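I have placed the structure first, in the form of structure tokens, so that the comments after it can refer back to it.
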Amino acid sequence: GFLGIRYVFSRETGVAVVDTVLPNTPAQQIGIKEGDIVMAVDGDRVDSANELQERIYNATPGSRPILTIERDGAQRQVRPLLVAWPSISP
């Protein structure tokens, strides 16, 4: 699946921090913002950037995983509708 974020892994906190939200993507549509911290996917804590990438990439397009996001010290859950990876033209 494709969510539409780029993120960096914070060694200090051990979680993925959203660096970029790509336009016209599921992430933008549900209001994920730069600086949000992805804490969990479907209730399972995300402990590395690779783990987050794997969980989203391996999810079926059309699925709606529950993401626990932290912003400004408050947590909330969002359910983006994942899409297929966009094709890249040469």
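Following the order of the structure tokens, chains are lettered A, B, ..., residues in each are numbered from 1, and ligands are numbered from 1.
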Write down as a list in words the residues of chain A whose backbone DSSP state falls under alpha helix (DSSP H).
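Put together, the selection reads Pro26, Ala27, Gln28, Gln29, Ala49, Asn50, Glu51, Leu52, Gln53, Glu54, Arg55, Ile56 and Tyr57 of chain A.
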Can I get the selection written as a PDB file, in the first residue's frame, with C-alpha atoms?
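Okay, selection05.pdb is ready:
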```
ATOM      1  CA  PRO A  26      -4.076   9.360   1.559  1.00  0.00           C
ATOM      2  CA  ALA A  27      -1.867  10.982   4.202  1.00  0.00           C
ATOM      3  CA  GLN A  28      -2.766  14.495   3.070  1.00  0.00           C
ATOM      4  CA  GLN A  29      -6.463  13.624   2.785  1.00  0.00           C
ATOM      5  CA  ALA A  49      11.462   3.321  10.183  1.00  0.00           C
ATOM      6  CA  ASN A  50      11.917  -0.008   8.390  1.00  0.00           C
ATOM      7  CA  GLU A  51       9.077  -1.541  10.379  1.00  0.00           C
ATOM      8  CA  LEU A  52       6.730   1.306   9.462  1.00  0.00           C
ATOM      9  CA  GLN A  53       7.724   1.083   5.812  1.00  0.00           C
ATOM     10  CA  GLU A  54       7.198  -2.676   5.760  1.00  0.00           C
ATOM     11  CA  ARG A  55       3.787  -2.501   7.454  1.00  0.00           C
ATOM     12  CA  ILE A  56       2.452   0.093   5.010  1.00  0.00           C
ATOM     13  CA  TYR A  57       4.112  -1.332   1.884  1.00  0.00           C
TER      14      TYR A  57
END
```
Quick one: pick out all strand (DSSP E or B) residues within chain A from a backbone DSSP run and write them as a PyMOL selection string.
chain A and resi 2+5-10+15-21+37-41+44-45+67-71+74-78+83
Which one of A:Asp47, A:Ala59, A:Lys33, A:Thr20 sits closest to Phe2 of chain A if you count only C-alpha atoms?
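So, comparing all the options, the nearest one is A:Ala59.
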Excluding Gly73 of chain A and residues on its chain fewer than 5 positions from it, collect all residues at most 12 Å away from it, counting only C-alpha atoms, and give them as a PyMOL selection string.
chain A and resi 35-37+39
Selection above as a file: C-alpha atoms, as a PDB file, in the first residue's frame:
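Output below, filename result-v7.pdb:
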```pdb
ATOM      1  CA  GLY A  35       6.304  16.681  12.462  1.00  0.00           C
ATOM      2  CA  ASP A  36       3.636  14.082  13.336  1.00  0.00           C
ATOM      3  CA  ILE A  37       5.050  10.994  15.017  1.00  0.00           C
ATOM      4  CA  MET A  39       3.540   5.582  17.116  1.00  0.00           C
TER       5      MET A  39
END
```
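Counting from atom CA of Leu3 of chain A, the distance to atom CA of Trp85 of chain A is 8.6 Å.
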